[in-house]
file data-v2.txt (compact mmCIF, N, CA and C atoms)
# COMPACT_ATOMS: atom_id res chain seq x y z
N GLN A 1 76.21 71.13 84.36
CA GLN A 1 76.76 72.39 84.81
C GLN A 1 75.74 73.21 85.57
N VAL A 2 76.21 73.94 86.55
CA VAL A 2 75.37 74.83 87.34
C VAL A 2 75.91 76.24 87.18
N GLN A 3 75.04 77.15 86.79
CA GLN A 3 75.44 78.55 86.65
C GLN A 3 74.90 79.34 87.84
N LEU A 4 75.70 80.29 88.31
CA LEU A 4 75.34 81.09 89.47
C LEU A 4 75.42 82.57 89.13
N VAL A 5 74.43 83.33 89.55
CA VAL A 5 74.42 84.77 89.34
C VAL A 5 74.13 85.44 90.67
N GLU A 6 75.06 86.29 91.10
CA GLU A 6 74.92 87.00 92.37
C GLU A 6 74.39 88.41 92.15
N SER A 7 73.81 88.95 93.21
CA SER A 7 73.37 90.34 93.20
C SER A 7 73.35 90.85 94.64
N GLY A 8 73.36 92.18 94.76
CA GLY A 8 73.15 92.77 96.08
C GLY A 8 74.36 93.41 96.74
N GLY A 9 75.52 93.38 96.12
CA GLY A 9 76.67 94.03 96.72
C GLY A 9 76.54 95.54 96.66
N GLY A 10 77.53 96.22 97.25
CA GLY A 10 77.52 97.67 97.20
C GLY A 10 78.38 98.28 98.27
N LEU A 11 78.17 99.58 98.47
CA LEU A 11 78.91 100.36 99.46
C LEU A 11 78.00 100.67 100.63
N VAL A 12 78.49 100.43 101.84
CA VAL A 12 77.69 100.70 103.03
C VAL A 12 78.61 101.20 104.13
N GLN A 13 78.08 101.99 105.03
CA GLN A 13 78.86 102.45 106.17
C GLN A 13 78.95 101.36 107.23
N ALA A 14 79.99 101.43 108.03
CA ALA A 14 80.14 100.48 109.14
C ALA A 14 78.89 100.51 110.02
N GLY A 15 78.46 99.32 110.41
CA GLY A 15 77.25 99.19 111.20
C GLY A 15 76.00 98.96 110.37
N GLY A 16 76.12 99.14 109.07
CA GLY A 16 74.97 98.96 108.19
C GLY A 16 74.75 97.51 107.80
N SER A 17 73.80 97.33 106.89
CA SER A 17 73.41 95.99 106.45
C SER A 17 73.36 95.91 104.94
N LEU A 18 73.59 94.72 104.43
CA LEU A 18 73.42 94.40 103.02
C LEU A 18 72.88 92.98 102.91
N ARG A 19 72.20 92.73 101.82
CA ARG A 19 71.69 91.38 101.55
C ARG A 19 72.16 90.95 100.18
N LEU A 20 72.85 89.82 100.14
CA LEU A 20 73.30 89.24 98.88
C LEU A 20 72.38 88.09 98.49
N SER A 21 72.16 87.97 97.19
CA SER A 21 71.35 86.88 96.67
C SER A 21 72.09 86.18 95.54
N CYS A 22 71.80 84.90 95.38
CA CYS A 22 72.43 84.11 94.34
C CYS A 22 71.38 83.14 93.79
N VAL A 23 71.27 83.12 92.47
CA VAL A 23 70.33 82.22 91.81
C VAL A 23 71.11 81.19 91.01
N ALA A 24 70.78 79.94 91.19
CA ALA A 24 71.41 78.86 90.45
C ALA A 24 70.50 78.41 89.31
N SER A 25 71.11 78.06 88.19
CA SER A 25 70.35 77.55 87.05
C SER A 25 71.13 76.42 86.41
N GLY A 26 70.45 75.67 85.55
CA GLY A 26 71.07 74.52 84.90
C GLY A 26 70.57 73.23 85.51
N ARG A 27 71.33 72.18 85.36
CA ARG A 27 70.98 70.87 85.91
C ARG A 27 71.48 70.82 87.36
N ILE A 28 70.54 70.96 88.27
CA ILE A 28 70.90 71.15 89.68
C ILE A 28 70.60 69.88 90.46
N PRO A 29 71.62 69.20 90.94
CA PRO A 29 71.38 68.03 91.78
C PRO A 29 70.69 68.43 93.08
N SER A 30 69.82 67.58 93.56
CA SER A 30 69.00 67.95 94.71
C SER A 30 69.82 68.00 96.00
N ILE A 31 70.84 67.18 96.10
CA ILE A 31 71.67 67.17 97.30
C ILE A 31 72.91 68.02 97.04
N ASN A 32 73.04 69.09 97.81
CA ASN A 32 74.15 70.00 97.55
C ASN A 32 74.35 70.93 98.74
N VAL A 33 75.40 71.69 98.65
CA VAL A 33 75.68 72.76 99.61
C VAL A 33 75.86 74.04 98.82
N MET A 34 75.17 75.08 99.23
CA MET A 34 75.35 76.39 98.61
C MET A 34 75.77 77.38 99.67
N GLY A 35 76.51 78.38 99.25
CA GLY A 35 76.92 79.35 100.24
C GLY A 35 77.77 80.45 99.68
N TRP A 36 78.45 81.12 100.57
CA TRP A 36 79.19 82.34 100.24
C TRP A 36 80.62 82.26 100.75
N TYR A 37 81.51 82.72 99.89
CA TYR A 37 82.92 82.88 100.20
C TYR A 37 83.28 84.32 99.91
N ARG A 38 84.41 84.76 100.42
CA ARG A 38 84.86 86.11 100.13
C ARG A 38 86.37 86.15 99.99
N GLN A 39 86.81 87.15 99.24
CA GLN A 39 88.25 87.34 99.03
C GLN A 39 88.56 88.82 99.08
N ALA A 40 89.36 89.19 100.06
CA ALA A 40 89.81 90.57 100.20
C ALA A 40 91.13 90.72 99.45
N PRO A 41 91.49 91.95 99.07
CA PRO A 41 92.75 92.16 98.34
C PRO A 41 93.94 91.62 99.12
N GLY A 42 94.77 90.83 98.44
CA GLY A 42 95.96 90.29 99.06
C GLY A 42 95.74 89.13 100.00
N LYS A 43 94.49 88.65 100.08
CA LYS A 43 94.19 87.54 100.99
C LYS A 43 93.61 86.36 100.21
N GLN A 44 93.63 85.20 100.85
CA GLN A 44 93.05 84.02 100.24
C GLN A 44 91.52 84.06 100.36
N ARG A 45 90.88 83.37 99.45
CA ARG A 45 89.43 83.24 99.52
C ARG A 45 89.09 82.43 100.77
N GLU A 46 88.07 82.88 101.50
CA GLU A 46 87.67 82.20 102.72
C GLU A 46 86.17 81.93 102.71
N ARG A 47 85.79 80.86 103.38
CA ARG A 47 84.37 80.55 103.49
C ARG A 47 83.72 81.47 104.50
N VAL A 48 82.56 81.99 104.16
CA VAL A 48 81.81 82.89 105.03
C VAL A 48 80.65 82.13 105.69
N ALA A 49 79.80 81.56 104.86
CA ALA A 49 78.63 80.86 105.39
C ALA A 49 78.10 79.92 104.31
N VAL A 50 77.72 78.72 104.71
CA VAL A 50 77.16 77.76 103.78
C VAL A 50 75.92 77.12 104.40
N VAL A 51 75.07 76.60 103.51
CA VAL A 51 73.85 75.92 103.96
C VAL A 51 73.60 74.73 103.04
N SER A 52 73.33 73.60 103.64
CA SER A 52 73.09 72.40 102.85
C SER A 52 71.64 72.36 102.36
N SER A 53 71.38 71.47 101.42
CA SER A 53 70.02 71.33 100.92
C SER A 53 69.08 70.83 102.01
N GLY A 54 69.65 70.25 103.08
CA GLY A 54 68.86 69.82 104.22
C GLY A 54 68.67 70.88 105.27
N GLY A 55 69.35 72.02 105.09
CA GLY A 55 69.15 73.15 106.00
C GLY A 55 70.24 73.35 107.04
N SER A 56 71.25 72.52 107.06
CA SER A 56 72.34 72.71 108.01
C SER A 56 73.21 73.88 107.58
N THR A 57 73.61 74.68 108.55
CA THR A 57 74.42 75.87 108.25
C THR A 57 75.77 75.80 108.96
N ASN A 58 76.70 76.55 108.39
CA ASN A 58 78.02 76.68 108.99
C ASN A 58 78.54 78.07 108.71
N TYR A 59 79.07 78.73 109.74
CA TYR A 59 79.53 80.11 109.62
C TYR A 59 80.99 80.23 110.02
N ALA A 60 81.67 81.16 109.38
CA ALA A 60 82.99 81.54 109.85
C ALA A 60 82.84 82.22 111.20
N ASP A 61 83.82 82.01 112.08
CA ASP A 61 83.75 82.62 113.41
C ASP A 61 83.62 84.14 113.33
N SER A 62 84.25 84.73 112.34
CA SER A 62 84.28 86.19 112.23
C SER A 62 82.91 86.79 111.90
N VAL A 63 81.97 85.99 111.44
CA VAL A 63 80.66 86.54 111.06
C VAL A 63 79.51 85.99 111.90
N LYS A 64 79.79 85.07 112.79
CA LYS A 64 78.73 84.48 113.61
C LYS A 64 77.98 85.56 114.39
N GLY A 65 76.67 85.48 114.35
CA GLY A 65 75.84 86.45 115.05
C GLY A 65 75.57 87.72 114.27
N ARG A 66 76.27 87.91 113.15
CA ARG A 66 76.06 89.10 112.31
C ARG A 66 75.51 88.75 110.93
N PHE A 67 75.96 87.64 110.39
CA PHE A 67 75.53 87.20 109.05
C PHE A 67 74.61 86.00 109.19
N PHE A 68 73.64 85.93 108.27
CA PHE A 68 72.70 84.82 108.30
C PHE A 68 72.46 84.34 106.87
N VAL A 69 72.69 83.04 106.67
CA VAL A 69 72.53 82.44 105.35
C VAL A 69 71.20 81.68 105.30
N SER A 70 70.54 81.77 104.17
CA SER A 70 69.27 81.07 103.99
C SER A 70 69.16 80.62 102.54
N ARG A 71 68.27 79.67 102.28
CA ARG A 71 68.08 79.21 100.92
C ARG A 71 66.64 78.84 100.69
N ASP A 72 66.28 78.87 99.41
CA ASP A 72 64.96 78.44 98.97
C ASP A 72 65.19 77.37 97.92
N ASN A 73 64.99 76.13 98.28
CA ASN A 73 65.29 75.03 97.36
C ASN A 73 64.38 75.05 96.13
N ALA A 74 63.14 75.49 96.31
CA ALA A 74 62.22 75.52 95.18
C ALA A 74 62.64 76.55 94.14
N LYS A 75 63.29 77.62 94.59
CA LYS A 75 63.72 78.68 93.68
C LYS A 75 65.21 78.61 93.37
N ASN A 76 65.91 77.64 93.95
CA ASN A 76 67.36 77.49 93.74
C ASN A 76 68.11 78.77 94.07
N THR A 77 67.77 79.37 95.18
CA THR A 77 68.43 80.59 95.59
C THR A 77 69.07 80.43 96.97
N VAL A 78 70.13 81.19 97.18
CA VAL A 78 70.74 81.28 98.50
C VAL A 78 71.00 82.76 98.79
N ASN A 79 70.72 83.16 99.99
CA ASN A 79 70.86 84.56 100.39
C ASN A 79 71.81 84.69 101.57
N LEU A 80 72.40 85.87 101.68
CA LEU A 80 73.26 86.17 102.81
C LEU A 80 72.87 87.53 103.36
N GLN A 81 72.28 87.54 104.52
CA GLN A 81 71.93 88.78 105.21
C GLN A 81 73.11 89.17 106.08
N MET A 82 73.66 90.33 105.81
CA MET A 82 74.85 90.79 106.52
C MET A 82 74.49 92.02 107.34
N ASN A 83 74.60 91.90 108.64
CA ASN A 83 74.28 92.98 109.56
C ASN A 83 75.53 93.41 110.32
N SER A 84 75.45 94.59 110.91
CA SER A 84 76.58 95.11 111.71
C SER A 84 77.89 94.98 110.95
N LEU A 85 77.87 95.43 109.72
CA LEU A 85 79.04 95.28 108.86
C LEU A 85 80.22 96.09 109.38
N LYS A 86 81.41 95.53 109.16
CA LYS A 86 82.66 96.14 109.60
C LYS A 86 83.55 96.39 108.39
N PRO A 87 84.48 97.34 108.48
CA PRO A 87 85.39 97.57 107.36
C PRO A 87 86.13 96.30 106.95
N GLU A 88 86.41 95.43 107.89
CA GLU A 88 87.12 94.19 107.55
C GLU A 88 86.26 93.18 106.81
N ASP A 89 84.99 93.47 106.64
CA ASP A 89 84.13 92.63 105.81
C ASP A 89 84.25 92.99 104.32
N THR A 90 84.97 94.06 104.02
CA THR A 90 85.16 94.48 102.64
C THR A 90 85.86 93.38 101.84
N ALA A 91 85.24 92.98 100.74
CA ALA A 91 85.79 91.89 99.92
C ALA A 91 84.89 91.70 98.70
N VAL A 92 85.35 90.87 97.79
CA VAL A 92 84.48 90.35 96.74
C VAL A 92 83.85 89.07 97.29
N TYR A 93 82.54 89.02 97.23
CA TYR A 93 81.80 87.88 97.76
C TYR A 93 81.37 86.99 96.59
N TYR A 94 81.63 85.69 96.74
CA TYR A 94 81.34 84.73 95.69
C TYR A 94 80.32 83.70 96.18
N CYS A 95 79.37 83.42 95.34
CA CYS A 95 78.43 82.35 95.59
C CYS A 95 79.04 81.03 95.12
N ASN A 96 78.78 79.97 95.86
CA ASN A 96 79.34 78.66 95.51
C ASN A 96 78.27 77.59 95.59
N PHE A 97 78.32 76.67 94.63
CA PHE A 97 77.47 75.48 94.62
C PHE A 97 78.39 74.27 94.66
N LEU A 98 78.10 73.34 95.55
CA LEU A 98 78.98 72.18 95.72
C LEU A 98 78.19 70.92 95.95
N ASN A 99 78.54 69.86 95.20
CA ASN A 99 78.12 68.53 95.59
C ASN A 99 79.24 67.58 95.21
N SER A 100 78.98 66.30 95.23
CA SER A 100 80.06 65.33 95.03
C SER A 100 80.66 65.39 93.63
N MET A 101 79.91 65.97 92.69
CA MET A 101 80.38 65.98 91.30
C MET A 101 80.70 67.37 90.77
N ILE A 102 80.15 68.41 91.38
CA ILE A 102 80.22 69.75 90.81
C ILE A 102 80.66 70.76 91.86
N SER A 103 81.51 71.69 91.43
CA SER A 103 81.79 72.89 92.22
C SER A 103 81.74 74.07 91.26
N SER A 104 80.77 74.94 91.47
CA SER A 104 80.59 76.10 90.60
C SER A 104 80.70 77.38 91.40
N TRP A 105 81.17 78.43 90.71
CA TRP A 105 81.32 79.74 91.34
C TRP A 105 80.59 80.80 90.53
N GLY A 106 80.05 81.77 91.24
CA GLY A 106 79.52 82.95 90.58
C GLY A 106 80.64 83.90 90.21
N GLN A 107 80.26 85.01 89.59
CA GLN A 107 81.26 85.95 89.11
C GLN A 107 81.77 86.87 90.22
N GLY A 108 81.08 86.90 91.33
CA GLY A 108 81.50 87.73 92.45
C GLY A 108 80.78 89.07 92.48
N THR A 109 80.57 89.57 93.69
CA THR A 109 79.97 90.89 93.87
C THR A 109 80.74 91.62 94.95
N GLN A 110 81.04 92.89 94.69
CA GLN A 110 81.87 93.67 95.60
C GLN A 110 81.05 94.19 96.77
N VAL A 111 81.57 94.00 97.96
CA VAL A 111 81.01 94.60 99.17
C VAL A 111 82.09 95.49 99.78
N THR A 112 81.76 96.75 99.95
CA THR A 112 82.71 97.70 100.53
C THR A 112 82.07 98.35 101.74
N VAL A 113 82.76 98.27 102.87
CA VAL A 113 82.26 98.85 104.12
C VAL A 113 83.19 99.98 104.52
N SER A 114 82.65 101.18 104.58
CA SER A 114 83.45 102.35 104.92
C SER A 114 83.38 102.61 106.43
N SER A 115 84.47 103.12 106.96
CA SER A 115 84.53 103.39 108.40
C SER A 115 84.04 104.78 108.73

call {"tool": "encode", "arguments": {"input": "data-v2.txt", "output": "structure tokens"}}
result
Amino acid sequence: QVQLVESGGGLVQAGGSLRLSCVASGRIPSINVMGWYRQAPGKQRERVAVVSSGGSTNYADSVKGRFFVSRDNAKNTVNLQMNSLKPEDTAVYYCNFLNSMISSWGQGTQVTVSS
């Protein structure tokens, strides 16, 4: 099992920035993908940004050029730097760990962007 704990959400004005962090613990396979998903009220959960253990990244079109995902394999952490935030970025953000055997989710952290 892999446990995930997120931090860094909050309230910010449009145009501002926030940084989310997620720490994984437990028996962590070396080959994996970690990243961030979000779910706004009344909407389905969507992928925001992911990064593989090899460093490959993938972003949702809606956040390209504004959000940047990074990871530290030695510390089992993944971060999401969110810049130029928009009200439509408001959602609960979830950290995810994925490999061929495991899919784990964090508890979620609220991000609210005011206009």

call {"tool": "closest_residue", "arguments": {"input": "data-v2.txt", "among": "A:Gln3, A:Gln13, A:Ser62, A:Ala40", "to": "Ala91 (chain A)", "atoms": "only C-alpha atoms"}}
result
A:Ala40

call {"tool": "residues_around", "arguments": {"input": "data-v2.txt", "residues": "Ala60 (chain A)", "least_positions_apart": "2", "cutoff": "6 Å", "atoms": "only N, CA and C atoms", "output": "PyMOL selection string"}}
result
chain A and resi 47-49+58+62-64

call {"tool": "write_last_selection", "arguments": {"input": "data-v2.txt", "atoms": "N, CA and C atoms", "output": "compact mmCIF listing (two decimals), in the frame of the given file"}}
result
# COMPACT_ATOMS: atom_id res chain seq x y z
N ARG A 47 85.79 80.86 103.38
CA ARG A 47 84.37 80.55 103.49
C ARG A 47 83.72 81.47 104.50
N VAL A 48 82.56 81.99 104.16
CA VAL A 48 81.81 82.89 105.03
C VAL A 48 80.65 82.13 105.69
N ALA A 49 79.80 81.56 104.86
CA ALA A 49 78.63 80.86 105.39
C ALA A 49 78.10 79.92 104.31
N ASN A 58 76.70 76.55 108.39
CA ASN A 58 78.02 76.68 108.99
C ASN A 58 78.54 78.07 108.71
N SER A 62 84.25 84.73 112.34
CA SER A 62 84.28 86.19 112.23
C SER A 62 82.91 86.79 111.90
N VAL A 63 81.97 85.99 111.44
CA VAL A 63 80.66 86.54 111.06
C VAL A 63 79.51 85.99 111.90
N LYS A 64 79.79 85.07 112.79
CA LYS A 64 78.73 84.48 113.61
C LYS A 64 77.98 85.56 114.39

call {"tool": "closest_residue", "arguments": {"input": "data-v2.txt", "among": "A:Leu98, A:Val51, A:Val23, A:Val69", "to": "Asn83 (chain A)", "atoms": "only C-alpha atoms"}}
result
A:Val69

call {"tool": "closest_residue", "arguments": {"input": "data-v2.txt", "among": "A:Ser103, A:Trp36, A:Leu85, A:Gly108", "to": "Val12 (chain A)", "atoms": "only C-alpha atoms"}}
result
A:Leu85

call {"tool": "atom_distance", "arguments": {"input": "data-v2.txt", "atom1": "CA of Met82 (chain A)", "atom2": "atom N of Ser53 (chain A)"}}
result
20.3 Å

call {"tool": "residues_around", "arguments": {"input": "data-v2.txt", "residues": "Glu46 (chain A)", "least_positions_apart": "3", "cutoff": "6.5 Å", "atoms": "only N, CA and C atoms", "output": "VMD selection string"}}
result
chain A and resid 36 to 39

call {"tool": "closest_residue", "arguments": {"input": "data-v2.txt", "among": "A:Ser17, A:Thr109, A:Ser52, A:Ser115", "to": "Ile31 (chain A)", "atoms": "all atoms listed in the file"}}
result
A:Ser52

call {"tool": "atom_distance", "arguments": {"input": "data-v2.txt", "atom1": "CA of Leu18 (chain A)", "atom2": "CA of Ala74 (chain A)"}}
result
23.3 Å

call {"tool": "atom_distance", "arguments": {"input": "data-v2.txt", "atom1": "CA of Arg71 (chain A)", "atom2": "CA of Ser30 (chain A)"}}
result
12.9 Å

call {"tool": "closest_residue", "arguments": {"input": "data-v2.txt", "among": "A:Ile102, A:Tyr93, A:Gln107, A:Asn79", "to": "Gly9 (chain A)", "atoms": "all atoms listed in the file"}}
result
A:Tyr93
